[in-house]
Each structure stands twice: as structure tokens, then as C-alpha cells.
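The structure file input_39.cif is reproduced below (mmCIF, C-alpha atoms and all ligand atoms).
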```cif
data_model
loop_
_atom_site.label_atom_id
_atom_site.label_comp_id
_atom_site.auth_asym_id
_atom_site.auth_seq_id
_atom_site.Cartn_x
_atom_site.Cartn_y
_atom_site.Cartn_z
CA MET A 11 23.25 -6.12 -26.24
CA TYR A 12 23.62 -3.49 -23.50
CA TYR A 13 21.19 -2.33 -20.91
CA VAL A 14 18.81 0.26 -22.31
CA GLN A 15 16.72 2.01 -19.67
CA PRO A 16 13.25 0.69 -20.53
CA MET A 17 10.76 3.47 -21.26
CA LEU A 18 7.89 1.91 -19.40
CA VAL A 19 10.01 1.18 -16.34
CA THR A 20 11.49 4.70 -16.19
CA ASP A 21 8.09 6.27 -16.93
CA THR A 22 6.43 4.23 -14.21
CA ALA A 23 9.24 5.00 -11.77
CA GLU A 24 8.87 8.73 -12.51
CA LYS A 25 5.09 8.59 -12.08
CA ILE A 26 5.45 6.79 -8.73
CA LYS A 27 8.04 9.33 -7.55
CA LYS A 28 5.83 12.26 -8.58
CA MET A 29 2.79 10.53 -7.05
CA GLU A 30 0.93 10.45 -10.36
CA ILE A 31 0.62 6.78 -9.48
CA ARG A 32 -0.01 6.55 -5.74
CA GLY A 33 -1.55 4.38 -3.05
CA ALA A 34 0.29 1.27 -1.90
CA GLY A 35 -1.72 -1.27 -3.91
CA ARG A 36 -1.66 0.74 -7.14
CA ILE A 37 2.08 1.37 -6.82
CA ALA A 38 2.70 -2.37 -6.46
CA ARG A 39 0.55 -3.28 -9.46
CA ALA A 40 2.06 -0.51 -11.62
CA ALA A 41 5.60 -1.71 -10.82
CA VAL A 42 4.75 -5.32 -11.64
CA THR A 43 3.00 -4.28 -14.87
CA ALA A 44 6.07 -2.27 -15.92
CA LEU A 45 8.38 -5.21 -15.16
CA LYS A 46 6.20 -7.59 -17.16
CA GLU A 47 6.12 -5.30 -20.18
CA HIS A 48 9.85 -4.78 -19.90
CA SER A 49 10.44 -8.52 -19.84
CA ASP A 50 8.07 -9.03 -22.80
CA THR A 51 9.92 -6.50 -24.95
CA LEU A 52 13.49 -7.62 -24.18
CA SER A 53 15.14 -9.34 -27.11
CA LEU A 54 18.11 -10.77 -25.20
CA LYS A 55 19.15 -14.37 -25.81
CA ASP A 56 21.57 -14.71 -22.90
CA LEU A 57 19.89 -15.71 -19.63
CA ALA A 58 22.44 -14.00 -17.37
CA GLU A 59 22.02 -10.74 -19.30
CA TYR A 60 18.24 -11.03 -19.18
CA ARG A 61 18.35 -11.62 -15.41
CA LYS A 62 20.69 -8.64 -14.96
CA GLU A 63 18.42 -6.34 -16.97
CA MET A 64 15.37 -7.41 -15.00
CA SER A 65 17.18 -6.96 -11.73
CA ASN A 66 18.28 -3.41 -12.71
CA ALA A 67 14.70 -2.55 -13.64
CA ALA A 68 13.44 -4.01 -10.33
CA ASP A 69 15.98 -1.94 -8.35
CA LEU A 70 14.97 1.22 -10.17
CA LEU A 71 11.30 0.70 -9.31
CA ILE A 72 11.94 -0.26 -5.67
CA ALA A 73 13.99 2.92 -5.14
CA THR A 74 11.09 5.23 -6.08
CA ARG A 75 9.25 5.46 -2.74
CA PRO A 76 10.61 3.96 0.46
CA THR A 77 7.60 3.49 2.73
CA ALA A 78 5.00 1.37 0.89
CA VAL A 79 6.24 -2.17 1.62
CA SER A 80 3.80 -3.40 -1.01
CA LEU A 81 6.31 -2.21 -3.63
CA PRO A 82 9.39 -4.28 -2.66
CA ASN A 83 7.16 -7.20 -1.61
CA ALA A 84 5.43 -7.25 -5.00
CA VAL A 85 8.68 -6.87 -6.92
CA HIS A 86 10.42 -9.62 -4.91
CA LEU A 87 7.41 -11.84 -5.28
CA VAL A 88 7.62 -11.78 -9.09
CA MET A 89 11.43 -11.54 -9.34
CA ARG A 90 11.89 -14.73 -7.31
CA THR A 91 10.68 -16.61 -10.41
CA LEU A 92 13.94 -15.65 -12.07
CA SER A 93 16.12 -17.05 -9.31
CA ARG A 94 14.77 -20.58 -9.89
CA GLU A 95 16.52 -23.04 -12.15
CA ILE A 96 15.57 -22.00 -15.67
CA HIS A 97 17.36 -22.95 -18.87
CA SER A 98 16.28 -20.42 -21.46
CA VAL A 99 15.24 -16.80 -21.74
CA SER A 100 11.95 -17.80 -23.34
CA THR A 101 11.02 -20.04 -20.37
CA ALA A 102 12.11 -17.32 -17.95
CA LYS A 103 9.92 -14.79 -19.76
CA GLU A 104 6.92 -17.10 -19.76
CA GLU A 105 7.24 -17.88 -16.06
CA PHE A 106 7.85 -14.24 -15.23
CA ALA A 107 4.77 -13.09 -17.19
CA ARG A 108 2.69 -15.70 -15.41
CA ALA A 109 3.93 -14.57 -11.98
CA CYS A 110 3.16 -10.93 -12.82
CA GLU A 111 -0.35 -11.70 -14.07
CA SER A 112 -0.92 -13.82 -10.99
CA PHE A 113 0.23 -11.03 -8.67
CA ILE A 114 -2.00 -8.42 -10.32
CA CYS A 115 -5.03 -10.69 -10.24
CA THR A 116 -4.34 -11.72 -6.63
CA SER A 117 -3.86 -8.12 -5.56
CA GLU A 118 -7.14 -7.01 -7.17
CA SER A 119 -9.12 -9.86 -5.71
CA ALA A 120 -7.58 -9.17 -2.27
CA VAL A 121 -9.13 -5.68 -2.36
CA GLN A 122 -12.55 -7.17 -3.20
CA ARG A 123 -12.24 -9.71 -0.40
CA ILE A 124 -11.15 -7.04 2.12
CA GLY A 125 -14.21 -5.06 1.07
CA GLU A 126 -16.44 -8.02 2.00
CA VAL A 127 -14.63 -8.52 5.31
CA GLY A 128 -14.71 -4.81 6.20
CA ALA A 129 -18.31 -4.23 5.12
CA ARG A 130 -19.48 -6.63 7.85
CA HIS A 131 -18.26 -4.14 10.44
CA ILE A 132 -20.37 -1.25 9.12
CA ARG A 133 -23.93 -1.10 10.43
CA ASP A 134 -27.07 0.91 9.64
CA GLY A 135 -26.97 4.46 10.97
CA GLU A 136 -23.23 4.49 11.63
CA VAL A 137 -20.79 7.29 10.95
CA VAL A 138 -17.46 6.17 9.48
CA LEU A 139 -14.36 8.35 9.21
CA THR A 140 -11.67 7.68 6.60
CA HIS A 141 -8.35 9.38 5.90
CA CYS A 142 -6.36 9.64 2.66
CA ASN A 143 -7.38 7.60 -0.37
CA SER A 144 -7.13 3.89 0.21
CA GLU A 145 -8.63 1.47 -2.29
CA ALA A 146 -8.89 -1.21 0.39
CA ALA A 147 -10.55 1.06 2.96
CA LEU A 148 -12.92 2.49 0.35
CA GLU A 149 -13.88 -0.98 -0.84
CA CYS A 150 -15.20 -1.71 2.69
CA LEU A 151 -17.45 1.37 2.43
CA LEU A 152 -18.53 0.63 -1.14
CA ASP A 153 -19.32 -3.00 -0.34
CA ALA A 154 -21.41 -2.02 2.71
CA HIS A 155 -23.25 0.52 0.56
CA ARG A 156 -23.92 -2.10 -2.16
CA ASN A 157 -25.32 -4.37 0.58
CA GLY A 158 -27.88 -1.67 1.39
CA VAL A 159 -26.33 -0.47 4.67
CA ASN A 160 -27.17 3.20 5.34
CA PHE A 161 -24.23 5.06 6.84
CA THR A 162 -22.50 8.38 6.43
CA VAL A 163 -18.82 9.25 6.10
CA TYR A 164 -16.42 11.92 7.27
CA ALA A 165 -13.54 12.22 4.80
CA THR A 166 -10.46 14.30 5.57
CA GLU A 167 -8.79 16.75 3.22
CA VAL A 168 -5.29 15.15 3.53
CA ARG A 169 -2.83 18.02 3.31
CA PRO A 170 -0.61 18.57 1.44
CA GLY A 171 -1.50 16.09 -1.33
CA ASN A 172 -5.29 16.52 -1.07
CA GLN A 173 -5.94 12.82 -1.63
CA GLY A 174 -9.25 13.46 0.17
CA LEU A 175 -10.53 14.94 -3.09
CA LEU A 176 -10.11 11.54 -4.78
CA THR A 177 -11.94 9.91 -1.88
CA ILE A 178 -14.95 12.26 -1.89
CA LYS A 179 -15.27 11.86 -5.67
CA ILE A 180 -15.53 8.07 -5.28
CA LEU A 181 -17.96 8.33 -2.36
CA ASN A 182 -20.04 10.94 -4.18
CA ASP A 183 -20.23 8.81 -7.33
CA ALA A 184 -21.42 5.88 -5.24
CA GLY A 185 -24.08 8.10 -3.61
CA ILE A 186 -22.69 7.72 -0.07
CA PRO A 187 -23.50 10.84 2.01
CA THR A 188 -20.13 12.30 2.99
CA THR A 189 -18.89 15.32 4.91
CA TYR A 190 -15.51 16.70 3.88
CA ILE A 191 -13.42 18.11 6.74
CA VAL A 192 -9.96 19.60 7.21
CA ASP A 193 -7.43 17.28 8.84
CA SER A 194 -7.30 19.32 12.02
CA ALA A 195 -11.08 18.94 12.58
CA VAL A 196 -10.85 15.19 13.24
CA ARG A 197 -10.87 15.38 17.04
CA TYR A 198 -13.70 17.94 16.94
CA PHE A 199 -15.93 15.45 15.10
CA MET A 200 -14.68 12.21 16.65
CA LYS A 201 -17.49 12.05 19.23
CA GLU A 202 -19.94 11.59 16.31
CA VAL A 203 -17.88 8.83 14.68
CA ASP A 204 -18.60 5.12 15.28
CA ARG A 205 -15.72 3.67 13.30
CA VAL A 206 -12.53 4.79 11.63
CA ILE A 207 -11.43 2.81 8.57
CA VAL A 208 -8.07 3.57 6.94
CA GLY A 209 -5.66 1.75 4.63
CA ALA A 210 -1.98 0.94 5.16
CA ASP A 211 1.31 1.35 3.36
CA ALA A 212 2.97 -1.14 5.65
CA VAL A 213 2.25 -3.22 8.73
CA SER A 214 5.15 -4.24 10.95
CA VAL A 215 5.57 -7.53 12.78
CA ASN A 216 4.25 -6.02 16.02
CA GLY A 217 1.08 -4.81 14.28
CA ALA A 218 2.07 -1.14 14.03
CA VAL A 219 0.47 0.45 10.98
CA VAL A 220 2.22 2.87 8.65
CA ASN A 221 -0.20 5.05 6.73
CA LYS A 222 -0.66 8.62 5.50
CA ILE A 223 0.58 11.32 7.86
CA GLY A 224 -2.15 12.19 10.35
CA THR A 225 -3.36 8.60 10.74
CA SER A 226 -1.72 8.23 14.17
CA GLN A 227 -3.36 11.44 15.41
CA ILE A 228 -6.71 10.13 14.22
CA ALA A 229 -6.02 6.85 16.05
CA LEU A 230 -5.21 8.81 19.19
CA ALA A 231 -8.47 10.76 18.95
CA ALA A 232 -10.37 7.52 18.26
CA HIS A 233 -8.74 5.86 21.28
CA GLU A 234 -9.68 8.80 23.48
CA ALA A 235 -13.30 8.69 22.27
CA ARG A 236 -13.44 4.85 22.45
CA THR A 237 -14.18 4.74 18.71
CA SER A 238 -13.23 1.57 16.88
CA PHE A 239 -10.19 1.91 14.63
CA LEU A 240 -9.95 -0.52 11.70
CA VAL A 241 -7.22 -0.91 9.09
CA ALA A 242 -7.72 -2.43 5.63
CA ALA A 243 -4.48 -4.01 4.39
CA GLU A 244 -3.63 -6.75 1.91
CA THR A 245 -1.22 -9.38 3.29
CA TYR A 246 1.55 -8.21 0.95
CA LYS A 247 1.66 -4.91 2.85
CA PHE A 248 3.06 -6.69 5.91
CA ALA A 249 6.78 -6.05 6.29
CA PRO A 250 8.87 -9.22 6.77
CA ARG A 251 12.11 -7.43 7.57
CA THR A 252 10.61 -5.83 10.66
CA ILE A 253 11.02 -9.30 12.22
CA LEU A 254 14.72 -8.44 12.34
CA GLY A 255 13.95 -5.17 14.09
CA GLU A 256 14.36 -3.15 10.89
CA PHE A 257 12.37 0.06 10.85
CA ILE A 258 10.14 1.06 7.99
CA GLU A 259 11.56 4.19 6.45
CA ILE A 260 9.21 7.16 6.57
CA GLU A 261 9.33 9.12 3.33
CA GLU A 262 9.94 12.83 3.70
CA ARG A 263 9.05 14.82 0.60
CA ASP A 264 9.99 18.27 -0.60
CA GLY A 265 8.84 21.20 1.53
CA SER A 266 7.50 22.97 -1.56
CA GLU A 267 4.51 20.60 -1.42
CA VAL A 268 3.56 22.35 1.84
CA LEU A 269 4.82 25.91 1.31
CA PRO A 270 5.29 27.12 -2.29
CA ASP A 271 8.86 28.18 -3.13
CA THR A 272 7.61 31.71 -3.96
CA ILE A 273 6.56 32.17 -0.33
CA ALA A 274 9.37 30.10 1.19
CA LYS A 275 12.04 32.29 -0.37
CA THR A 276 10.60 35.35 1.39
CA LEU A 277 10.94 33.56 4.77
CA PRO A 278 14.64 32.69 5.03
CA HIS A 279 14.44 31.55 8.68
CA ILE A 280 11.66 29.06 8.07
CA THR A 281 12.27 25.38 7.42
CA VAL A 282 9.49 23.12 6.19
CA ARG A 283 9.34 19.41 7.09
CA ASN A 284 7.07 17.16 5.07
CA PRO A 285 6.94 13.56 6.34
CA VAL A 286 4.17 11.85 4.38
CA PHE A 287 3.48 8.82 6.56
CA ASP A 288 3.37 8.07 10.27
CA VAL A 289 3.23 5.03 12.53
CA THR A 290 0.15 4.08 14.54
CA PRO A 291 1.06 1.79 17.46
CA PRO A 292 -0.81 -1.53 17.65
CA GLU A 293 -2.47 -0.49 20.95
CA TYR A 294 -4.61 1.93 18.95
CA VAL A 295 -5.64 -0.56 16.27
CA ASP A 296 -8.66 -2.78 16.93
CA LEU A 297 -8.55 -4.95 13.80
CA ILE A 298 -6.61 -5.29 10.57
CA MET A 299 -8.81 -6.51 7.76
CA THR A 300 -6.89 -8.64 5.28
CA GLU A 301 -8.05 -10.87 2.42
CA GLU A 302 -7.49 -13.78 4.83
CA GLY A 303 -9.93 -12.31 7.35
CA ALA A 304 -9.86 -9.76 10.15
CA ILE A 305 -7.02 -10.13 12.63
CA PRO A 306 -5.97 -8.27 15.78
CA PRO A 307 -2.68 -6.40 15.18
CA GLN A 308 -0.90 -8.85 17.51
CA MET A 309 -1.34 -11.51 14.82
CA ALA A 310 0.79 -9.67 12.25
CA TYR A 311 3.64 -12.16 12.71
CA ILE A 312 1.34 -15.03 11.67
CA ILE A 313 0.53 -13.21 8.42
CA ILE A 314 4.22 -12.68 7.70
CA ARG A 315 5.07 -16.30 8.52
CA ASP A 316 2.09 -18.12 7.01
CA TYR A 317 1.08 -15.92 4.09
CA LEU A 318 4.32 -14.28 3.03
CA GLY A 319 6.48 -17.25 4.00
CA TRP A 320 9.11 -15.59 6.17
CA GLU A 321 10.09 -16.94 9.56
CA ILE A 322 12.51 -15.87 12.24
CA GLY A 323 15.73 -17.72 11.45
CA ASP A 324 14.79 -18.01 7.80
CA PHE A 325 16.23 -14.73 6.66
CA GLY A 326 18.50 -15.06 3.72
CA ALA A 327 17.58 -18.72 3.34
CA ARG A 328 14.14 -18.29 1.86
CA GLN A 329 12.35 -16.16 -0.65
CA PHE A 330 8.68 -15.31 -0.57
CA ASN A 331 6.17 -18.08 -1.01
CA PRO A 332 3.43 -17.40 -3.51
CA LEU A 333 0.45 -15.70 -1.97
CA THR A 334 -1.96 -18.37 -0.84
CA ASN A 335 -4.99 -17.27 -2.79
CA ASN A 336 -2.94 -16.91 -5.92
CA CYS A 337 -5.25 -16.66 -8.94
CA PHE A 338 -3.31 -19.37 -10.78
CA ASN A 339 -3.30 -21.90 -7.92
C1 LIG B 1 -1.55 6.67 0.26
C2 LIG B 1 -1.98 6.11 1.57
C3 LIG B 1 -3.01 5.03 1.54
C4 LIG B 1 -2.28 3.67 1.51
C5 LIG B 1 -3.24 2.51 1.28
O1 LIG B 1 -0.48 7.57 0.39
O2 LIG B 1 -1.47 6.44 2.62
O3 LIG B 1 -3.82 5.07 2.68
O4 LIG B 1 -1.32 3.66 0.48
O5 LIG B 1 -3.83 2.66 0.02
P1 LIG B 1 0.10 8.28 -0.95
P2 LIG B 1 -4.38 1.41 -0.82
O6 LIG B 1 -1.02 9.04 -1.56
O7 LIG B 1 1.23 9.13 -0.45
O8 LIG B 1 0.61 7.16 -1.84
O9 LIG B 1 -5.39 0.73 0.05
O10 LIG B 1 -4.99 2.04 -2.05
O11 LIG B 1 -3.23 0.52 -1.15
#
```

How does this structure look as C-alpha cells?
Ligand code: RUB
Amino acid sequence: MYYVQPMLVTDTAEKIKKMEIRGAGRIARAAVTALKEHSDTLSLKDLAEYRKEMSNAADLLIATRPTAVSLPNAVHLVMRTLSREIHSVSTAKEEFARACESFICTSESAVQRIGEVGARHIRDGEVVLTHCNSEAALECLLDAHRNGVNFTVYATEVRPGNQGLLTIKILNDAGIPTTYIVDSAVRYFMKEVDRVIVGADAVSVNGAVVNKIGTSQIALAAHEARTSFLVAAETYKFAPRTILGEFIEIEERDGSEVLPDTIAKTLPHITVRNPVFDVTPPEYVDLIMTEEGAIPPQMAYIIIRDYLGWEIGDFGARQFNPLTNNCFN
């Protein structure tokens, strides 16, 4: 039997590329779900062929968006099951399905736990600013609201993808009073803000946070105004390879997302650049809220070593350890 590009894997990869599935946590869960369904539907009997097919599918998914470290981390986390000693395809499939279900469950409960951790930082009467559309950051706001804390929110528009619309819909549905502002108005309003809470696509070993473009400008304005800047990030968004000094690639998308082709073609001397993430240095981050608790950015290495299982000197020799609060442990 030859490799047939699995529909669900290619569909999911396309949706991630086109940002129909977006947000670091959702991307990770969608990729793992596609891999599980692919594995379930394969009818191969030869273990080497099965492993090869799964590895091709994993590569295809990982290649979709370069910045969200949650994607390769999640894929490696489940794929490592297949590098263990296994003697039959049916056992491999069972163990793989179990690892996928475990990852999805762990990832969802991490968001809930981050919500509880983050909600403790939001107090009555406060004004919180959020940027983009982060499940983890929003869960902090929703949890605080469920606990009866009265606060208001500034939510940014998030050009060019307008993810702010998703955010204000969620906040509106929850009944949280929110003011919607354009990205460039952040510094204007910062003096009224008590706390910024954003999500993350990746966190590097030195505690630098990669998140939606504009986040680092918001951090700068928060720093200037002495406003606390909090990041909500599951441990599987921490980037082990940054221990080796590897940089996290910043995705640059097509300029037509910023300036429609119909206009661009009338302006032949104009080039559009569209980086979609930026890096906030650790000096501007007060706390990173993970499912293991809130940590200062300087503790990012501990998360990579103790919760993801990578250590300096270990590269190449080890794979990821299971996440500690794995639903099946
Ligand atoms: C999404 C974004 C989010 C992080 C965290 O960017 O920057 O803040 O992914 O989200 P895009 P979550 O829309 O380009 O994917 O907490 O949901 O994982």
C-alpha cells in the first residue's frame, strides 16, 4: 500500500495555513486530532510503512505555520509513542490514540487551570487590556468574571486579521463590559489600564514571549506606564530548542492581507510587509501564567527542563517526557 495524502490531515493543514484554525492551542489540538484520525483509518499491516505514513503526515502539519511552538511540541509529544519498541501496527495505533487523547485532554485542562491562576490577579474595579484572541488569556478574564470580580476590558482590533472581533464576541457573550479600540490607541489608553493579559505562541528559554504582532509595543507602553504585563501560556508553548540558541521563526504572511491586491497593483513602488508575530523581551514581562502556576519569565528554563523534559546536553538523546498533569496519569 502506498502513501495516500490523508484527507483530514491535508484539510487540517490547509485550514491552519489559511488561519481558519488559529490560535496556538487550537492549532496544536487540531493537528493532534488529525493525526489520530489518520492513524485510526490507516489499514496498513507493516509497522515500518505505518510509521513512515504517520511521520509524513506529522511533517505536513508541522510545516503549516512556523511560529506557534505548540504545534511541533504537540506533534512530537504524540509521535514519540511510535519511536518506542512496538511489535504490531494494532498496538502502535492503540498507544498512539491514547497519547493523542491524553494530549487533547491535558491541553484543555491546562487552559482551565491557567484561567484559575490568572483570575487571582484580577481585582474588583480593575481595567484589563488584552490583544489578539487567546483562549488562555480569555480564560483568566472569564474565570475572574465567574468568580464575581467586577472589571472592565480594553480589547484591540488586531490588524490585519481582526482577531479582536472574536475576542469581543466572547467577552460580550459573557457580559464583561469591554471597550474595543484600534491597535494604535493602546498607548493613549494605557494610563487607565491596571493589567495587560495576553497569550503566547511561544516562550523562549530566556523568557521572551512570542505573540501576535503588536504585543511588544503594548508591553513597551505598559512598561512606560508601570502597568503589570501578564502572559497566559501552557507549558507546551515553551520552546526547547531555544536552549541551543535557536531563534523562533517569525511568520511573515502575504501582503494582500494588509493591502488588497486591487489597490497594491496601482502602487507599483509600494512593498507591504506583514510579520504576524513579534518578540517581547523578558524585561517587559512580569509573570507567565502556566498550568503549573505563575512564574517569572526568568524561570522559563525550569519549565523546559522539568515539564517538557529537555535539558542542556540532552539534545538528540531524549524525546519529550509526557506532560506532568497528563489526563491518563
Ligand atoms: C494568535 C495569537 C494568540 C496565541 C495564543 O495568532 O497570537 O495570542 O496563539 O492563543 P493567530 P491561545 O491568530 O495568528 O493564530 O491562548 O488560544 O493558544

d(CA of Val289 (chain A), CA of Val196 (chain A)) in Å |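 Those two atoms sit 17.4 Å apart.
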
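Closest approach to Tyr198 (chain A) among A:Asp211, A:Glu59, A:Glu126, A:Glu234: A:Glu234, based on only C-alpha atoms.
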
Under the rule of at most 10 Å, produce a per-residue listing of region 71-115 of chain A near region 215-232 of chain A: chain, number, name, the closest pair of atoms, and the distance in Å, as JSON lines, using all atoms listed in the file.
```
{"residue": "A:Thr77", "atom": "CA", "partner": "A:Val220", "partner_atom": "CA", "distance": 8.0}
{"residue": "A:Ala78", "atom": "CA", "partner": "A:Val220", "partner_atom": "CA", "distance": 8.4}
{"residue": "A:Val79", "atom": "CA", "partner": "A:Val220", "partner_atom": "CA", "distance": 9.5}
```

State, in Å with one decimal place, the distance from CA of Thr162 (chain A) to CA of Val137 (chain A).
->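 Between these atoms lies a distance of 5.0 Å.
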
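The shortest atom-to-atom distance to Ile258 (chain A), with only C-alpha atoms taken into account, belongs to A:Ser214 out of A:Thr188, A:Ser214, A:Thr281, A:Thr74.
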
Could you give me the residues within 7 Å of ligand LIG 1 (chain B), counting only C-alpha atoms and all ligand atoms, as a ChimeraX atom specification?
-> /A:29,32-36,78,142-147,173,208-211,221-222,242-243,286-287

Selection file, C-alpha atoms, as a CSV table (one decimal), in the frame of the given file:
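Done, and the output landed in selection13.csv:
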```
chain,number,residue,atom,x,y,z
A,29,MET,CA,2.8,10.5,-7.0
A,32,ARG,CA,0.0,6.6,-5.7
A,33,GLY,CA,-1.6,4.4,-3.0
A,34,ALA,CA,0.3,1.3,-1.9
A,35,GLY,CA,-1.7,-1.3,-3.9
A,36,ARG,CA,-1.7,0.7,-7.1
A,78,ALA,CA,5.0,1.4,0.9
A,142,CYS,CA,-6.4,9.6,2.7
A,143,ASN,CA,-7.4,7.6,-0.4
A,144,SER,CA,-7.1,3.9,0.2
A,145,GLU,CA,-8.6,1.5,-2.3
A,146,ALA,CA,-8.9,-1.2,0.4
A,147,ALA,CA,-10.6,1.1,3.0
A,173,GLN,CA,-5.9,12.8,-1.6
A,208,VAL,CA,-8.1,3.6,6.9
A,209,GLY,CA,-5.7,1.8,4.6
A,210,ALA,CA,-2.0,0.9,5.2
A,211,ASP,CA,1.3,1.4,3.4
A,221,ASN,CA,-0.2,5.0,6.7
A,222,LYS,CA,-0.7,8.6,5.5
A,242,ALA,CA,-7.7,-2.4,5.6
A,243,ALA,CA,-4.5,-4.0,4.4
A,286,VAL,CA,4.2,11.8,4.4
A,287,PHE,CA,3.5,8.8,6.6
```

Quick one: everything within 12 Å of Lys28 (chain A), counting all atoms listed in the file, minus sequence neighbours fewer than 2 positions away in the same chain. Send it as a PyMOL selection string.
-> chain A and resi 21-26+30-32+37+74-75+171+263-264+267

How many Å lie between CA of Val282 (chain A) and CA of Gly265 (chain A), rounded to one decimal?
-> 5.1 Å

Looking at A:Pro82, A:Asp288, A:Glu149, A:Val241, which one is nearest to Ile180 (chain A), with distances taken over only C-alpha atoms?
->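 Among A:Pro82, A:Asp288, A:Glu149, A:Val241, it is A:Glu149 that comes nearest to Ile180 (chain A).
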
Spatial neighbours of Ile132 (chain A), max dist 9 Å, only C-alpha atoms, sep filter under 2 positions, as a count of residues only = 15

Counting only C-alpha atoms, the residue of A:Val206, A:Leu318, A:Leu54, A:Val168 that sits nearest Val192 (chain A) =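 Answer, going by the shortest atom-to-atom distance: A:Val168.
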
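Of the residues under consideration (A:Lys103, A:Arg108, A:Lys27, A:His86), A:Lys103 shows the shortest atom-to-atom contact distance to Leu52 (chain A) when counting only C-alpha atoms.
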
Could you check which of A:Leu181, A:Ala195, A:Ala310, A:Ala107 is closest to Glu167 (chain A), using only C-alpha atoms?
->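 Among A:Leu181, A:Ala195, A:Ala310, A:Ala107, it is A:Ala195 that comes nearest to Glu167 (chain A).
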
Excluding Glu244 (chain A) and residues on its chain fewer than 2 positions from it, collect all residues at most 9 Å away from it, counting all atoms listed in the file, and give them as a count of residues only.
-> 16

Using the file's own x, y and z axes, what box holds all listed atoms of region 62-78 of chain A with 3 Å on each side, keeping edges along x, y and z, and what are its centre and edge lengths in Å to one decimal, as JSON?
```
{"center_x": 12.8, "center_y": -1.6, "center_z": -7.1, "size_x": 21.7, "size_y": 20.1, "size_z": 25.7}
```

Fewer than 2 positions away in the same chain doesn't count, so skip those; otherwise give me all residues within 8 Å of Leu71 (chain A), counting only C-alpha atoms, as an MDAnalysis selection string.
-> chainID A and resid 19:20 22:23 41 67:69 73:74
